[in-house]
>>> print(open('start-v3.txt').read())   # compact mmCIF, C-alpha atoms
# COMPACT_ATOMS: atom_id res chain seq x y z
CA MET A 1 58.50 -2.45 -26.30
CA LYS A 2 57.94 -6.10 -27.22
CA ASN A 3 54.64 -7.26 -28.69
CA VAL A 4 53.68 -10.88 -28.12
CA LEU A 5 51.29 -12.65 -30.48
CA LEU A 6 48.83 -15.11 -28.90
CA ALA A 7 47.29 -17.41 -31.53
CA GLY A 8 45.04 -20.45 -31.45
CA LEU A 9 44.09 -20.06 -27.76
CA THR A 10 40.66 -19.95 -26.18
CA ASP A 11 39.62 -16.54 -24.82
CA GLN A 12 40.01 -17.59 -21.21
CA GLU A 13 43.38 -19.22 -21.74
CA ALA A 14 44.63 -16.22 -23.71
CA ALA A 15 43.58 -13.93 -20.86
CA ALA A 16 45.40 -16.12 -18.33
CA ILE A 17 48.58 -16.15 -20.42
CA GLU A 18 48.35 -12.37 -20.85
CA ILE A 19 48.52 -12.08 -17.06
CA MET A 20 51.48 -14.47 -16.94
CA ILE A 21 53.28 -12.45 -19.63
CA GLY A 22 52.62 -9.26 -17.67
CA MET A 23 54.29 -10.81 -14.64
CA THR A 24 57.28 -12.07 -16.62
CA TRP A 25 57.55 -9.30 -19.23
CA ARG A 26 57.07 -5.81 -17.85
CA ASP A 27 57.54 -4.12 -21.24
CA ALA A 28 55.31 -6.45 -23.30
CA ARG A 29 51.90 -6.01 -24.87
CA CYS A 30 49.79 -8.86 -26.24
CA VAL A 31 48.03 -9.13 -29.60
CA VAL A 32 45.41 -11.87 -29.73
CA LEU A 33 44.31 -13.79 -32.82
CA ARG A 34 41.24 -15.66 -31.61
CA ARG A 35 40.76 -19.36 -32.29
CA ASN A 36 38.47 -20.10 -35.23
CA MET A 37 35.66 -22.62 -34.98
CA SER A 38 37.19 -24.38 -37.99
CA LEU A 39 40.61 -24.54 -36.22
CA ALA A 40 42.21 -22.88 -39.24
CA ILE A 41 45.19 -20.53 -39.12
CA PRO A 42 43.71 -17.06 -38.52
CA GLU A 43 44.40 -14.23 -40.92
CA MET A 44 47.49 -12.29 -39.89
CA THR A 45 46.77 -8.63 -39.13
CA VAL A 46 49.26 -5.78 -39.37
CA SER A 47 49.68 -5.66 -35.58
CA ALA A 48 50.12 -9.45 -35.48
CA ARG A 49 52.89 -9.31 -38.10
CA ALA A 50 54.65 -6.64 -36.05
CA CYS A 51 54.89 -8.89 -32.97
CA THR A 52 58.39 -10.00 -32.00
CA HIS A 53 57.45 -13.15 -30.03
CA CYS A 54 54.62 -15.71 -30.14
CA VAL A 55 52.63 -18.09 -27.97
CA VAL A 56 50.71 -20.55 -30.18
CA ASP A 57 48.41 -23.49 -29.48
CA LEU A 58 48.88 -26.15 -32.16
CA PHE A 59 45.41 -27.59 -31.55
CA GLY A 60 43.79 -24.18 -32.10
CA LEU A 61 45.72 -23.76 -35.37
CA GLY A 62 44.61 -27.16 -36.68
CA MET A 63 48.09 -28.69 -36.36
CA ARG A 64 47.75 -31.01 -33.39
CA LYS A 65 49.68 -33.85 -35.09
CA TYR A 66 53.03 -33.46 -36.73
CA SER A 67 53.42 -33.75 -40.49
CA PRO A 68 55.90 -32.18 -42.90
CA ASP A 69 53.13 -29.95 -44.26
CA ASN A 70 52.12 -28.83 -40.75
CA ALA A 71 55.77 -28.13 -39.91
CA THR A 72 56.06 -25.91 -42.99
CA ARG A 73 52.84 -24.09 -42.10
CA LEU A 74 53.97 -23.53 -38.51
CA LEU A 75 57.37 -22.13 -39.49
CA GLU A 76 55.77 -19.86 -42.09
CA PHE A 77 53.31 -18.60 -39.48
CA LEU A 78 56.08 -17.90 -36.96
CA GLY A 79 58.25 -16.21 -39.56
CA GLY A 80 61.44 -16.76 -37.59
CA ARG A 81 60.03 -15.38 -34.34
CA PRO A 82 60.85 -17.00 -30.97
CA ALA A 83 57.77 -18.79 -29.64
CA VAL A 84 56.22 -20.88 -26.90
CA VAL A 85 54.39 -23.77 -28.61
CA LEU A 86 51.63 -25.71 -26.85
CA ALA A 87 51.57 -29.36 -27.95
CA TRP A 88 48.92 -32.01 -27.30
CA GLY A 89 48.76 -35.78 -26.93
CA THR A 90 51.43 -38.44 -26.49
CA GLY A 91 54.80 -37.04 -27.43
CA GLY A 92 53.14 -33.75 -28.24
CA GLY A 93 51.44 -35.25 -31.27
CA GLY A 94 54.85 -36.21 -32.65
CA TRP A 95 56.16 -32.63 -32.61
CA MET A 96 58.57 -32.99 -29.71
CA ASP A 97 60.47 -35.79 -31.44
CA GLN A 98 61.23 -33.65 -34.48
CA THR A 99 64.11 -31.32 -35.24
CA LEU A 100 62.64 -28.40 -37.14
CA PRO A 101 64.78 -26.28 -39.53
CA LEU A 102 64.74 -23.10 -37.44
CA GLU A 103 66.39 -19.87 -38.41
CA GLU A 104 69.68 -19.15 -36.69
CA GLY A 105 68.89 -17.67 -33.30
CA GLN A 106 65.23 -18.67 -33.38
CA VAL A 107 64.04 -20.34 -30.17
CA LEU A 108 61.04 -22.64 -29.76
CA GLU A 109 60.01 -23.73 -26.25
CA TRP A 110 57.64 -26.71 -26.24
CA VAL A 111 55.05 -26.91 -23.47
CA HIS A 112 53.03 -30.11 -23.23
CA MET A 113 49.32 -29.97 -22.40
CA PRO A 114 48.23 -30.02 -19.64
CA TYR A 115 50.81 -27.69 -18.12
CA SER A 116 51.32 -25.82 -14.87
CA SER A 117 51.86 -22.12 -14.32
CA GLN A 118 55.52 -22.88 -13.51
CA ASP A 119 55.96 -24.58 -16.89
CA MET A 120 54.50 -21.61 -18.74
CA ARG A 121 56.49 -19.01 -16.82
CA ALA A 122 59.74 -20.93 -17.37
CA ALA A 123 59.04 -21.19 -21.12
CA LEU A 124 58.19 -17.50 -21.37
CA ALA A 125 61.40 -16.58 -19.55
CA LYS A 126 63.51 -18.56 -22.04
CA VAL A 127 61.74 -17.15 -25.09
CA ARG A 128 62.06 -13.66 -23.66
CA GLU A 129 65.87 -13.92 -23.79
CA ALA A 130 65.83 -14.78 -27.52
CA VAL A 131 66.78 -12.00 -29.95
CA PRO A 132 63.69 -10.81 -31.88
CA VAL A 133 63.66 -11.76 -35.54
CA THR A 134 63.57 -8.12 -36.66
CA LEU A 135 66.90 -7.44 -34.95
CA ARG A 136 68.47 -10.69 -36.18
CA ARG A 137 67.53 -10.02 -39.79
CA ARG A 138 68.40 -6.35 -39.56
CA HIS A 139 71.96 -7.20 -38.65
CA THR A 140 72.39 -10.27 -40.85
CA GLY A 141 71.20 -8.86 -44.15
CA GLY A 142 67.74 -10.42 -43.84
CA THR A 143 68.93 -14.02 -44.23
CA GLY A 144 69.27 -15.13 -40.61
CA ALA A 145 72.99 -15.88 -41.14
CA PRO A 146 75.84 -13.75 -39.80
CA PRO A 147 77.09 -11.09 -42.24
CA THR A 148 80.22 -11.89 -44.25
CA LEU A 149 82.92 -9.24 -44.09
CA ALA A 150 85.33 -8.67 -47.00
CA GLY A 151 88.89 -7.33 -46.93
CA PRO A 152 91.06 -6.89 -43.87
CA GLU A 153 88.08 -6.92 -41.56
CA ALA A 154 87.51 -10.63 -42.38
CA ALA A 155 90.69 -11.68 -40.53
CA ALA A 156 89.83 -9.69 -37.43
CA PRO A 157 88.90 -11.84 -34.42
CA PRO A 158 85.25 -11.73 -33.43
CA PRO A 159 84.41 -9.31 -30.64
CA ALA A 160 83.91 -10.65 -27.14
CA PRO A 161 80.31 -11.47 -26.31
CA VAL A 162 78.47 -8.63 -24.64
CA LYS A 163 74.98 -8.11 -23.42
CA GLU A 164 72.22 -7.64 -25.97
CA SER A 165 71.46 -4.12 -24.76
CA THR A 166 74.99 -3.00 -25.70
CA LEU A 167 75.60 -5.26 -28.70
CA TRP A 168 73.23 -3.85 -31.27
CA PRO A 169 74.11 -0.13 -30.96
CA GLY A 170 77.76 -1.08 -31.61
CA VAL A 171 76.84 -3.14 -34.67
CA ASN A 172 74.76 -0.26 -35.99
CA TRP A 173 77.65 2.16 -35.57
CA MET A 174 80.10 -0.14 -37.37
CA ALA A 175 77.64 -0.77 -40.18
CA ARG A 176 77.13 2.94 -40.74
CA ARG A 177 80.91 3.45 -40.90
CA SER A 178 81.58 0.59 -43.34
CA SER A 179 78.50 0.58 -45.56
CA PRO A 180 77.39 3.30 -47.98
CA SER A 181 73.75 2.57 -47.11
CA PRO A 182 73.03 3.36 -43.46
CA VAL A 183 71.52 0.67 -41.25
CA PRO A 184 68.66 2.03 -39.14
CA ALA A 185 69.16 1.67 -35.42
CA PRO A 186 66.59 -0.32 -33.49
CA GLU A 187 64.18 1.53 -31.27
CA PRO A 188 65.51 1.75 -27.72
CA ALA A 189 63.87 -0.47 -25.15
CA PRO A 190 61.38 1.49 -23.08
CA ASP A 191 62.08 2.29 -19.49
CA PRO A 192 59.96 -0.09 -17.39
CA ALA A 193 59.01 2.83 -15.14
CA SER A 194 57.63 4.76 -18.11
CA VAL A 195 55.71 1.75 -19.39
CA GLU A 196 53.74 1.53 -16.19
CA ALA A 197 53.51 5.28 -15.62
CA GLY A 198 49.95 6.42 -15.08
CA VAL A 199 47.95 9.42 -13.99
CA GLY A 200 46.23 9.78 -10.63
CA LEU A 201 43.23 11.81 -9.56
CA LEU A 202 45.18 15.07 -9.41
CA HIS A 203 46.59 14.61 -12.92
CA GLY A 204 43.73 13.51 -15.15
CA ALA A 205 42.56 10.06 -14.05
CA TYR A 206 38.95 11.14 -13.68
CA PRO A 207 38.56 12.51 -17.25
CA ALA A 208 40.11 9.27 -18.54
CA LEU A 209 37.56 7.29 -16.52
CA LEU A 210 34.72 9.43 -17.88
CA ARG A 211 35.80 8.66 -21.44
CA ALA A 212 35.14 5.01 -20.66
CA PHE A 213 32.01 5.64 -18.54
CA PRO A 214 30.51 8.95 -19.79
CA SER A 215 27.21 8.32 -18.00
CA LEU A 216 28.98 8.92 -14.66
CA THR A 217 28.68 12.64 -15.34
CA GLU A 218 24.90 12.33 -14.87
CA HIS A 219 25.24 10.88 -11.36
CA SER A 220 25.19 13.56 -8.65
CA LEU A 221 27.59 11.75 -6.30
CA PHE A 222 30.24 11.12 -8.95
CA ALA A 223 29.87 14.70 -10.20
CA LEU A 224 30.61 15.91 -6.65
CA ILE A 225 33.49 13.47 -6.22
CA ARG A 226 35.05 14.82 -9.40
CA ARG A 227 34.82 18.41 -8.12
CA VAL A 228 36.49 17.36 -4.88
CA VAL A 229 39.27 15.04 -6.03
CA GLU A 230 40.58 17.26 -8.83
CA ALA A 231 41.47 20.10 -6.44
CA ASP A 232 45.10 20.28 -5.35
CA GLU A 233 44.43 22.46 -2.30
CA PRO A 234 42.34 21.70 0.83
CA GLN A 235 38.62 22.46 0.60
CA MET A 236 35.62 22.99 2.85
CA LEU A 237 32.31 21.44 1.79
CA THR A 238 29.23 23.04 3.30
CA LEU A 239 25.71 21.59 3.32
CA GLY A 240 23.13 23.81 4.97
CA MET A 241 24.02 25.60 8.16
CA ASP A 242 25.40 22.78 10.28
CA THR A 243 27.02 20.14 8.04
CA VAL A 244 30.64 20.88 7.19
CA PHE A 245 33.38 18.68 5.74
CA VAL A 246 37.06 19.58 5.42
CA VAL A 247 38.95 17.56 2.79
CA ASN A 248 42.54 17.39 1.60
CA VAL A 249 42.96 15.15 -1.44
CA ARG A 250 46.74 15.43 -1.56
CA GLN A 251 47.05 14.26 2.05
CA GLY A 252 44.21 11.75 1.59
CA TRP A 253 41.71 12.58 4.36
CA LEU A 254 38.23 13.98 4.92
CA ALA A 255 37.16 15.36 8.31
CA THR A 256 33.56 14.93 9.47
CA SER A 257 31.73 14.28 12.72
CA LEU A 258 28.93 12.34 11.02
CA PRO A 259 28.72 8.54 11.17
CA VAL A 260 29.17 6.59 7.96
CA SER A 261 25.49 5.58 7.82
CA THR A 262 24.44 9.24 7.80
CA LEU A 263 27.03 10.06 5.16
CA GLN A 264 25.68 7.30 2.91
CA LYS A 265 22.17 8.73 3.16
CA ILE A 266 23.35 12.26 2.40
CA MET A 267 25.65 11.31 -0.46
CA ASN A 268 22.97 9.25 -2.16
CA THR A 269 20.30 11.95 -2.02
CA PRO A 270 20.68 14.04 -5.20
CA GLU A 271 18.56 16.91 -3.79
CA MET A 272 21.03 17.38 -0.95
CA LEU A 273 24.19 17.02 -3.06
CA ILE A 274 23.06 19.82 -5.35
CA LYS A 275 23.16 22.19 -2.36
CA VAL A 276 26.78 21.41 -1.46
CA SER A 277 29.06 24.43 -1.77
CA ILE A 278 32.85 24.16 -2.00
CA THR A 279 35.25 26.73 -0.56
CA PRO A 280 38.99 26.49 -1.38
CA LEU A 281 41.33 26.67 1.61
CA THR A 282 45.04 27.13 2.16
CA PRO A 283 46.91 24.59 4.33
CA ASP A 284 46.96 27.12 7.19
CA THR A 285 43.26 27.96 7.00
CA ALA A 286 42.43 24.27 6.71
CA GLU A 287 44.18 23.67 10.05
CA ILE A 288 42.24 26.54 11.60
CA GLU A 289 38.91 25.24 10.28
CA LEU A 290 39.67 21.76 11.61
CA ARG A 291 40.31 23.08 15.12
CA GLN A 292 37.28 25.37 15.10
CA ARG A 293 34.83 22.83 13.67
CA PHE A 294 35.96 19.65 15.44
CA GLY A 295 37.70 20.85 18.61
CA VAL A 296 40.92 19.62 20.20
CA LYS A 297 40.25 16.03 19.05
CA PHE A 298 39.99 17.08 15.42
CA ARG A 299 42.46 14.36 14.37
CA GLN A 300 39.86 11.74 15.26
CA SER A 301 37.45 13.26 12.77
CA GLN A 302 39.84 12.71 9.84
CA ARG A 303 38.84 9.65 7.82
CA PRO A 304 40.90 7.99 5.04
CA LEU A 305 39.60 9.52 1.84
CA ASP A 306 40.13 6.45 -0.37
CA TRP A 307 38.24 4.21 2.04
CA LEU A 308 35.38 6.71 2.44
CA ILE A 309 34.95 7.30 -1.31
CA TRP A 310 35.05 3.55 -2.01
CA LEU A 311 32.36 3.00 0.65
CA LEU A 312 30.08 5.80 -0.54
CA ALA A 313 30.49 5.01 -4.23
CA THR A 314 29.76 1.32 -3.58
CA GLU A 315 26.40 2.29 -2.09
CA ALA A 316 25.64 4.52 -5.08
CA LEU A 317 26.55 1.83 -7.62
CA LYS A 318 24.03 -0.58 -6.12
CA HIS A 319 21.34 1.38 -7.92
CA TYR A 320 23.31 2.34 -11.01
CA LEU A 321 24.39 0.23 -13.99
CA PRO A 322 27.77 1.48 -15.29
CA ILE A 323 27.91 1.15 -19.09
CA ALA A 324 31.37 1.23 -20.68
CA GLU A 325 31.63 3.09 -23.98
CA SER A 326 35.36 2.45 -24.38
CA ASP A 327 38.22 0.66 -22.66
CA VAL A 328 40.33 1.94 -19.75
CA ARG A 329 43.58 0.48 -18.41
CA ILE A 330 44.49 0.71 -14.73
CA LYS A 331 47.11 -0.40 -12.22
CA LEU A 332 46.59 -0.38 -8.47
CA ARG A 333 49.24 1.63 -6.68
CA ARG A 334 48.00 0.50 -3.27
CA PHE A 335 45.80 -2.35 -2.12
CA PRO A 336 42.30 -1.32 -0.95
CA ASN A 337 41.64 -1.94 2.73
CA PHE A 338 39.06 -4.66 2.15
CA THR A 339 38.92 -5.44 5.89
CA MET A 340 37.03 -2.13 6.29
CA LEU A 341 34.89 -2.53 3.16
CA PRO A 342 32.04 -4.89 4.11
CA GLU A 343 30.48 -4.90 0.63
CA SER A 344 33.62 -6.33 -0.99
CA SER A 345 33.77 -9.90 -2.27
CA ALA A 346 36.46 -12.51 -2.81
CA PHE A 347 36.27 -11.66 -6.51
CA ASP A 348 37.20 -8.04 -5.74
CA ILE A 349 40.26 -9.30 -3.88
CA GLN A 350 41.23 -11.50 -6.84
CA MET A 351 41.02 -8.57 -9.28
CA ALA A 352 42.94 -6.32 -6.90
CA ALA A 353 45.69 -8.93 -6.52
CA ILE A 354 46.11 -9.08 -10.30
CA CYS A 355 45.93 -5.32 -10.87
CA CYS A 356 48.53 -4.67 -8.17
CA ARG A 357 51.07 -6.74 -10.11
CA VAL A 358 50.04 -6.32 -13.74
CA PRO A 359 48.25 -3.41 -15.45
CA GLN A 360 44.84 -4.55 -16.65
CA SER A 361 42.18 -3.01 -18.84
CA LEU A 362 38.44 -3.45 -18.49
CA GLN A 363 38.44 -5.71 -21.55
CA GLU A 364 41.33 -7.82 -20.25
CA LEU A 365 39.62 -8.38 -16.90
CA ARG A 366 36.43 -9.47 -18.67
CA ARG A 367 38.40 -11.93 -20.79
CA ALA A 368 40.20 -13.24 -17.73
CA PHE A 369 36.91 -13.79 -15.87
CA PRO A 370 34.33 -14.63 -18.55
CA ARG A 371 31.97 -16.29 -16.07
CA GLN A 372 31.86 -13.32 -13.70
CA ASP A 373 29.32 -10.52 -13.91
CA PRO A 374 30.76 -7.81 -16.24
CA VAL A 375 28.96 -5.19 -14.14
CA ALA A 376 30.97 -6.28 -11.08
CA ILE A 377 34.18 -5.89 -13.09
CA ALA A 378 33.18 -2.41 -14.28
CA ARG A 379 32.24 -1.46 -10.72
CA PHE A 380 35.68 -2.54 -9.45
CA VAL A 381 37.44 -0.44 -12.10
CA ILE A 382 35.34 2.63 -11.26
CA LEU A 383 35.86 2.28 -7.51
CA SER A 384 39.60 1.78 -7.92
CA VAL A 385 39.98 5.00 -9.90
CA VAL A 386 37.61 7.34 -8.02
CA SER A 387 39.05 6.26 -4.66
CA GLY A 388 42.58 7.02 -5.83
CA CYS A 389 43.78 3.44 -5.29
CA ALA A 390 44.53 3.05 -9.01
CA VAL A 391 46.20 5.11 -11.68
CA VAL A 392 45.00 5.20 -15.28
CA LEU A 393 47.77 4.29 -17.67
CA SER A 394 48.61 6.74 -20.41
CA ASP A 395 48.48 4.01 -23.09
CA THR A 396 44.76 3.42 -22.53
CA ALA A 397 43.01 2.98 -25.87
CA ALA A 398 40.23 5.44 -25.20
CA SER A 399 38.71 4.86 -28.61
CA ALA A 400 38.55 1.08 -28.28
CA PRO A 401 34.91 -0.01 -27.91
CA ALA A 402 34.01 -2.05 -24.87
CA ALA A 403 31.36 -4.72 -24.69
CA ARG A 404 28.22 -3.44 -22.96
CA PRO A 405 27.08 -5.40 -19.93
CA GLY A 406 23.73 -6.05 -21.55
CA ALA A 407 25.17 -7.14 -24.87
CA ALA A 408 25.19 -10.75 -25.92
CA MET A 409 28.24 -12.52 -24.62
CA PRO A 410 30.22 -14.87 -26.89
CA ALA A 411 29.69 -18.56 -26.44
CA LYS A 412 31.78 -19.87 -23.56
CA PRO A 413 33.77 -22.99 -24.31
CA ALA A 414 33.32 -25.89 -21.96
CA PRO A 415 36.32 -25.85 -19.62
CA THR A 416 38.59 -28.82 -19.59
CA ALA A 417 40.37 -30.09 -16.52
CA ALA A 418 43.72 -28.90 -17.85
CA ARG A 419 42.63 -25.31 -18.46
CA LYS A 420 40.76 -25.08 -15.21
CA GLY A 421 43.79 -26.37 -13.33
CA PHE A 422 46.13 -23.84 -14.94
CA PHE A 423 43.88 -20.85 -14.33
CA LYS A 424 43.16 -21.93 -10.77
CA SER A 425 46.87 -22.38 -10.06
CA LEU A 426 47.52 -18.92 -11.53
CA LEU A 427 45.08 -17.26 -9.15
CA GLU A 428 46.39 -19.29 -6.22
CA LYS A 429 49.92 -18.10 -7.03
CA LEU A 430 48.75 -14.49 -6.88
CA PHE A 431 47.95 -14.99 -3.23
>>> encode(input="start-v3.txt", output="structure tokens")
Amino acid sequence: MKNVLLAGLTDQEAAAIEIMIGMTWRDARCVVLRRNMSLAIPEMTVSARACTHCVVDLFGLGMRKYSPDNATRLLEFLGGRPAVVLAWGTGGGGWMDQTLPLEEGQVLEWVHMPYSSQDMRAALAKVREAVPVTLRRRHTGGTGAPPTLAGPEAAAPPPAPVKESTLWPGVNWMARRSSPSPVPAPEPAPDPASVEAGVGLLHGAYPALLRAFPSLTEHSLFALIRRVVEADEPQMLTLGMDTVFVVNVRQGWLATSLPVSTLQKIMNTPEMLIKVSITPLTPDTAEIELRQRFGVKFRQSQRPLDWLIWLLATEALKHYLPIAESDVRIKLRRFPNFTMLPESSAFDIQMAAICCRVPQSLQELRRAFPRQDPVAIARFVILSVVSGCAVVLSDTAASAPAARPGAAMPAKPAPTAARKGFFKSLLEKLF
């Protein structure tokens, strides 16, 4: 897995570039060093030093104009890593006219402010192909220059170029055969499918959501939803003598003869939800119950479960403030049917469009939309998970604290025309 360091950027611009990296780099994770008010180079953390690639804003690092001292500081900060460098002013502040003494194999892609989403994606694609500094130094003795062979091997012709994925294992094997000190092999690149693997409702998504929003356990509707969606077999829900629901989570439907307005009243009355009893069914008995309870037209009584839960939970969350105690990372596996969800907004559609393409955490969505209501963002995450539209990724940092909706928000920088244009073009491209 590649880690990409974002340094010197504003919070909103860093969030936008994180989304762009997610679209270009499926196996990448971002580490953000926030811009200081003094525009000084931020202190390098352990996770920042471990990053293999960088995206840096020269203005945010206090190096808008070129000078020999600034060039030395920039190269020391990058440490030989490939990077996308954002430059400002005429000629990029003098940077673009210079030839910097880069390490062999190091790649710098200059992007002039203001830039478009196409410019950034093209630069990221080029930097992505560069060999990370850790691999270059590992196989060149730490100097950045190709290793010098002694003896008969020196006269041997160089091997034919091969793809990076097959080159380094061969170099490792030869080094172990010819050197008394073994060279450690690089970690294998992760399978993109495993990077985005997540858990659904039947495999632990709800407990992961509750770690982020523990107060959901106190809400009667969400307590009932959890009892229902975590069952692998069909179930019959009984309320009183006359109200019966048959539900099959695996097949994604709930059968009822009640109109949606009545369901919303029932599901948002805690006194009635407490009286709901659940009876497990087999697939055969579920078919029998459907025919007995709803007659020959029982198929018409089956409603899409994801749509119904989203609708009912939306009504419940109107009177409930979800407070996040930790972060949670999701990815939509199917797009919600917003044409049948009258309470949905254009902002919900924007978040869904992003989360369908790139996994996003609660924190990342809040950074990407700093001017939107954080409660609306938390509500979207909750609805996506409880409805089954989203999976919770296994790499969620459950212990990472999340900003409370009522907490003081950091000062928002005044947007410039360039940043606004980039972020707007990013969202337009998603549609």
>>> atom_distance(input="start-v3.txt", atom1="atom CA of Val111 of chain A", atom2="atom CA of Val46 of chain A")
27.1 Å
>>> closest_residue(input="start-v3.txt", among="A:Ser117, A:Ala352, A:Leu321, A:Ser261", to="Asp373 of chain A", atoms="all atoms listed in the file")
A:Leu321
>>> closest_atom_pairs(input="start-v3.txt", of="segment 369-392 of chain A", to="segment 331-338 of chain A", cutoff="10 Å", atoms="all atoms listed in the file", output="JSON lines")
{"residue": "A:Val381", "atom": "CA", "partner": "A:Lys331", "partner_atom": "CA", "distance": 9.7}
{"residue": "A:Leu383", "atom": "CA", "partner": "A:Pro336", "partner_atom": "CA", "distance": 9.9}
{"residue": "A:Ser384", "atom": "CA", "partner": "A:Leu332", "partner_atom": "CA", "distance": 7.3}
{"residue": "A:Val385", "atom": "CA", "partner": "A:Leu332", "partner_atom": "CA", "distance": 8.6}
{"residue": "A:Ser387", "atom": "CA", "partner": "A:Pro336", "partner_atom": "CA", "distance": 9.0}
{"residue": "A:Gly388", "atom": "CA", "partner": "A:Arg333", "partner_atom": "CA", "distance": 8.6}
{"residue": "A:Cys389", "atom": "CA", "partner": "A:Arg334", "partner_atom": "CA", "distance": 5.5}
{"residue": "A:Ala390", "atom": "CA", "partner": "A:Leu332", "partner_atom": "CA", "distance": 4.0}
{"residue": "A:Val391", "atom": "CA", "partner": "A:Lys331", "partner_atom": "CA", "distance": 5.6}
{"residue": "A:Val392", "atom": "CA", "partner": "A:Lys331", "partner_atom": "CA", "distance": 6.7}
>>> closest_residue(input="start-v3.txt", among="A:Leu317, A:Met236, A:Val260, A:Val228", to="Arg293 of chain A", atoms="all atoms listed in the file")
A:Met236
>>> atom_distance(input="start-v3.txt", atom1="atom CA of Val247 of chain A", atom2="atom CA of Ser344 of chain A")
24.8 Å
>>> closest_residue(input="start-v3.txt", among="A:Ile382, A:Pro280, A:Asn268, A:Val328", to="Trp310 of chain A", atoms="only C-alpha atoms")
A:Ile382
>>> decode(input="start-v3.txt", residues="segment 69-90 of chain A", atoms="C-alpha atoms", output="PDB file, in the first residue's frame")
ATOM      1  CA  ASP A  69      18.010  27.989   0.236  1.00  0.00           C
ATOM      2  CA  ASN A  70      14.353  27.183  -0.525  1.00  0.00           C
ATOM      3  CA  ALA A  71      15.440  24.582  -3.078  1.00  0.00           C
ATOM      4  CA  THR A  72      17.615  22.896  -0.445  1.00  0.00           C
ATOM      5  CA  ARG A  73      14.778  22.968   2.082  1.00  0.00           C
ATOM      6  CA  LEU A  74      12.313  21.503  -0.421  1.00  0.00           C
ATOM      7  CA  LEU A  75      14.603  18.634  -1.440  1.00  0.00           C
ATOM      8  CA  GLU A  76      15.372  17.851   2.204  1.00  0.00           C
ATOM      9  CA  PHE A  77      11.650  17.796   2.978  1.00  0.00           C
ATOM     10  CA  LEU A  78      10.897  15.466   0.059  1.00  0.00           C
ATOM     11  CA  GLY A  79      13.795  13.189   0.913  1.00  0.00           C
ATOM     12  CA  GLY A  80      13.995  11.756  -2.591  1.00  0.00           C
ATOM     13  CA  ARG A  81      10.287  10.972  -2.815  1.00  0.00           C
ATOM     14  CA  PRO A  82       8.322  11.531  -6.049  1.00  0.00           C
ATOM     15  CA  ALA A  83       6.009  14.520  -5.637  1.00  0.00           C
ATOM     16  CA  VAL A  84       3.413  16.796  -7.170  1.00  0.00           C
ATOM     17  CA  VAL A  85       4.491  20.379  -6.406  1.00  0.00           C
ATOM     18  CA  LEU A  86       2.015  23.278  -6.513  1.00  0.00           C
ATOM     19  CA  ALA A  87       3.703  26.508  -7.641  1.00  0.00           C
ATOM     20  CA  TRP A  88       2.359  30.067  -7.549  1.00  0.00           C
ATOM     21  CA  GLY A  89       2.819  33.280  -9.500  1.00  0.00           C
ATOM     22  CA  THR A  90       4.464  34.068 -12.819  1.00  0.00           C
TER      23      THR A  90
END
